[in-house]
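**Student:** Hey, dropping coords.csv in here, CSV, C-alpha atoms:
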chain,number,residue,atom,x,y,z
A,13,MET,CA,18.1,247.2,155.8
A,14,ASN,CA,14.6,246.0,156.8
A,15,GLU,CA,14.2,244.4,153.3
A,16,ASN,CA,17.6,242.7,153.7
A,17,ASN,CA,16.6,241.2,157.1
A,18,LYS,CA,13.4,239.8,155.5
A,19,ASP,CA,15.4,238.2,152.7
A,20,ILE,CA,17.8,236.6,155.3
A,21,GLU,CA,14.9,235.4,157.4
A,22,GLN,CA,13.1,234.0,154.3
A,23,HIS,CA,16.3,232.3,153.3
A,24,GLU,CA,16.8,230.8,156.8
A,25,LEU,CA,13.2,229.6,156.8
A,26,GLU,CA,13.7,228.0,153.5
A,27,LYS,CA,16.8,226.2,154.7
A,28,ILE,CA,14.9,224.9,157.8
A,29,ARG,CA,12.0,223.7,155.6
A,30,MET,CA,14.5,221.9,153.3
A,31,ARG,CA,16.2,220.2,156.3
A,32,LYS,CA,12.8,219.1,157.7
A,33,MET,CA,11.8,217.8,154.2
A,34,GLN,CA,15.1,215.9,153.9
A,35,ALA,CA,14.6,214.4,157.4
A,36,MET,CA,11.0,213.3,156.5
A,37,ILE,CA,12.2,211.7,153.2
A,38,GLU,CA,15.0,209.9,155.0
A,39,ALA,CA,12.7,208.6,157.7
A,40,LYS,CA,10.3,207.4,155.0
A,41,LYS,CA,13.2,205.6,153.3
A,42,GLN,CA,14.3,203.9,156.5
A,43,GLN,CA,10.7,202.9,157.3
A,44,GLU,CA,10.3,201.3,153.8
A,45,ALA,CA,13.7,199.5,154.2
A,46,ALA,CA,12.7,198.1,157.6
A,47,LYS,CA,9.4,196.9,156.0
A,48,GLU,CA,11.3,195.2,153.2
A,49,ARG,CA,13.6,193.5,155.7
A,50,VAL,CA,10.6,192.1,157.6
A,51,VAL,CA,9.1,190.8,154.4
A,52,SER,CA,12.3,189.3,153.3
A,53,ILE,CA,12.8,187.6,156.6
A,54,SER,CA,9.3,186.1,156.5
A,55,ASP,CA,10.0,185.0,152.9
A,56,LYS,CA,13.3,183.4,154.0
A,57,LEU,CA,11.5,181.6,156.9
A,58,GLU,CA,8.9,180.3,154.5
A,59,PHE,CA,11.6,179.0,152.2
A,60,VAL,CA,13.3,177.2,155.1
A,61,LEU,CA,9.9,175.7,156.1
A,62,LYS,CA,9.4,174.4,152.5
A,63,VAL,CA,12.8,172.8,152.5
A,64,VAL,CA,12.8,171.3,156.0
A,65,LEU,CA,9.2,170.0,156.0
A,66,ALA,CA,8.1,167.0,153.8
A,67,PRO,CA,5.8,168.1,151.0
A,68,GLU,CA,2.7,166.6,152.7
A,69,ALA,CA,3.7,168.2,156.0
A,70,TYR,CA,4.1,171.6,154.4
A,71,SER,CA,0.7,171.4,152.7
A,72,TYR,CA,-0.9,170.2,156.0
A,73,LEU,CA,0.7,173.2,157.8
A,74,SER,CA,-0.6,175.5,155.0
A,75,LYS,CA,-4.1,174.2,155.6
A,76,ILE,CA,-3.8,174.9,159.3
A,77,LYS,CA,-2.5,178.4,158.5
A,78,THR,CA,-5.7,179.2,156.6
A,79,ASN,CA,-8.2,177.4,158.8
A,80,GLU,CA,-6.8,177.9,162.3
A,81,PRO,CA,-4.3,180.8,162.6
A,82,ASN,CA,-3.8,180.5,166.4
A,83,VAL,CA,-2.9,176.8,166.1
A,84,TYR,CA,-0.6,177.7,163.2
A,85,GLN,CA,1.2,180.3,165.2
A,86,ALA,CA,1.8,177.8,168.1
A,87,ILE,CA,3.2,175.3,165.6
A,88,TYR,CA,5.3,178.0,163.9
A,89,ASN,CA,6.7,179.1,167.3
A,90,GLU,CA,7.7,175.4,168.0
A,91,LEU,CA,9.4,175.0,164.6
A,92,ILE,CA,11.0,178.4,164.2
A,93,SER,CA,13.1,179.4,167.3
A,94,PRO,CA,14.7,182.8,167.8
A,95,ASP,CA,18.0,181.2,166.9
A,96,VAL,CA,16.7,180.2,163.5
A,97,ILE,CA,15.5,183.8,162.9
A,98,ARG,CA,18.9,185.2,164.0
A,99,ASN,CA,20.8,182.8,161.8
A,100,ILE,CA,18.4,182.6,158.8
A,101,ASP,CA,21.0,183.7,156.2
A,102,TYR,CA,23.5,181.2,157.4
A,103,LEU,CA,20.9,178.4,157.4
A,104,ILE,CA,19.9,179.3,153.8
A,105,ALA,CA,23.5,179.3,152.7
A,106,ILE,CA,24.0,175.8,154.2
A,107,ILE,CA,20.8,174.5,152.6
A,108,ARG,CA,21.8,175.8,149.2
A,109,GLN,CA,25.4,174.5,149.6
A,110,GLN,CA,24.2,171.0,150.5
A,111,GLY,CA,21.3,171.0,148.1
A,112,GLY,CA,18.6,170.5,150.8
A,113,VAL,CA,18.4,168.7,154.1
A,114,PRO,CA,19.2,165.0,154.7
A,115,ARG,CA,15.9,164.3,156.5
A,116,LYS,CA,12.7,166.2,156.2
A,117,ILE,CA,10.2,166.6,159.0
A,118,PRO,CA,7.2,164.3,158.4
A,119,VAL,CA,3.5,165.1,158.6
A,120,ASP,CA,3.3,163.1,161.8
A,121,VAL,CA,5.4,165.7,163.7
A,122,VAL,CA,3.2,168.6,162.4
A,123,MET,CA,0.1,166.6,163.5
A,124,HIS,CA,1.7,166.0,166.9
A,125,LEU,CA,2.4,169.7,167.3
A,126,GLU,CA,-1.1,170.5,166.2
A,127,ARG,CA,-2.6,168.2,168.9
A,128,LYS,CA,-0.2,169.7,171.4
A,129,ALA,CA,-1.3,173.3,170.5
A,130,LYS,CA,-5.0,172.3,170.7
A,131,GLY,CA,-4.4,170.4,174.0
A,132,VAL,CA,-5.7,167.1,172.7
A,133,LYS,CA,-4.5,164.1,174.7
A,134,SER,CA,-4.2,160.6,173.2
A,135,LYS,CA,-6.8,158.2,174.5
A,136,ILE,CA,-5.7,154.6,174.0
A,137,GLN,CA,-8.2,152.4,175.8
A,138,VAL,CA,-7.4,148.9,177.0
A,139,LYS,CA,-10.1,146.4,177.7
A,140,ARG,CA,-9.3,143.8,180.4
A,141,GLY,CA,-12.2,141.6,181.1
A,142,ASP,CA,-15.1,143.9,181.6
A,143,ASP,CA,-13.0,146.9,182.6
A,144,LEU,CA,-12.1,149.6,180.1
A,145,MET,CA,-9.2,151.8,181.1
A,146,ASP,CA,-6.7,154.1,179.4
A,147,LEU,CA,-3.3,152.7,178.5
A,148,GLY,CA,-1.4,154.7,181.2
A,149,SER,CA,-3.5,153.3,184.0
A,150,PHE,CA,-3.2,149.8,182.6
A,151,LEU,CA,0.6,150.0,182.4
A,152,THR,CA,1.0,151.4,185.9
A,153,LYS,CA,-1.5,149.0,187.5
A,154,GLU,CA,0.5,145.9,186.6
Any chance you could give the structure as structure tokens?
**Tutor:**
Amino acid sequence: MNENNKDIEQHELEKIRMRKMQAMIEAKKQQEAAKERVVSISDKLEFVLKVVLAPEAYSYLSKIKTNEPNVYQAIYNELISPDVIRNIDYLIAIIRQQGGVPRKIPVDVVMHLERKAKGVKSKIQVKRGDDLMDLGSFLTKE
């Protein structure tokens, strides 16, 4: 009888090990699937950026991405809203159906967003007589 109990316990232990092993394998599969989803979403967002930005704007943004990652992230957050991320598949379907977008975002917009992210203000100087003042002061003075 003692031998029989050992066999039953051994069998139960083996079943528990198998269940734990299955759970670990399943967790690993879910983790990999989530990782692939993240990669595919970032790939989809990259595709949308390529389509929506003019070629020179996209290359300018790529240079910013390699040289100044913090500035790139600020520009990226301005261009890609949470709504875009939620509806990425729908956007891609529309882009493919229409064969692109009617107007692309020019490089000037990317430069403006870069200046905004860096906190650079425009400084247009106006000379009136011997006085040199910025354009805003000049326009409000008159």
**Student:** If we count all atoms listed in the file and set the cut-off at 9 Å, which residues sit around Gly112 of chain A, ignoring sequence neighbours fewer than 5 positions away in its own chain? Please answer as a list in words.
**Tutor:** Val63, Val64, Ile106 and Ile107 of chain A
**Student:** In Å to one decimal, how far is atom CA of Ala69 of chain A from atom CA of Lys135 of chain A?
**Tutor:**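 Here the two named atoms are 23.5 Å from each other.
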**Student:** Near Tyr84 of chain A, counting only C-alpha atoms, which residues have an atom at most 12 Å away, once you skip same-chain residues fewer than 2 positions from it, shown as JSON, numbers by chain?
**Tutor:** {"A": [70, 72, 73, 74, 75, 76, 77, 78, 79, 80, 81, 82, 86, 87, 88, 89, 90, 91, 92, 122, 123, 125, 126, 127, 128, 129, 130]}
**Student:** Please compute the atom CA of Ile136 of chain A-atom CA of Asp120 of chain A distance, one decimal, in Å.
**Tutor:**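 Atom CA of Ile136 of chain A sits 17.4 Å away from atom CA of Asp120 of chain A.
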**Student:** Let me make sure I understand: among A:Met36, A:Lys133, A:Val113, A:Asn17, which one has the smallest atom-to-atom distance to Asp146 of chain A if we use all atoms listed in the file?
**Tutor:**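 Checking each of A:Met36, A:Lys133, A:Val113, A:Asn17 against Asp146 of chain A, counting all atoms listed in the file, the winner is A:Lys133.
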**Student:** Which one of A:Val60, A:Glu15, A:Gln22, A:Lys40 sits closest to Tyr102 of chain A if you count all atoms listed in the file?
**Tutor:**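 Checking each candidate against Tyr102 of chain A, we get A:Val60 as the closest.
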**Student:** Which residue is closest to Arg108 of chain A? Choose from A:Met145, A:Val138, A:Phe59, A:Ala66 and count only C-alpha atoms.
**Tutor:**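 The closest residue to Arg108 of chain A is A:Phe59.
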**Student:** One decimal, in Å: what's the spacing between atom CA of Asp101 of chain A and atom CA of Ala46 of chain A?
**Tutor:**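 It comes out at 16.7 Å.
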**Student:** Nearest to Ser93 of chain A among A:Leu65, A:Leu57, A:His23, A:Ile28, with distances taken over only C-alpha atoms: which residue is it?
**Tutor:**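 So, comparing all the options, the nearest one is A:Leu57.
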**Student:** Measuring atom to atom with all atoms listed in the file, identify which of A:Ile100, A:Lys27, A:Gln85, A:Glu38 is nearest to Asp55 of chain A.
**Tutor:** A:Ile100
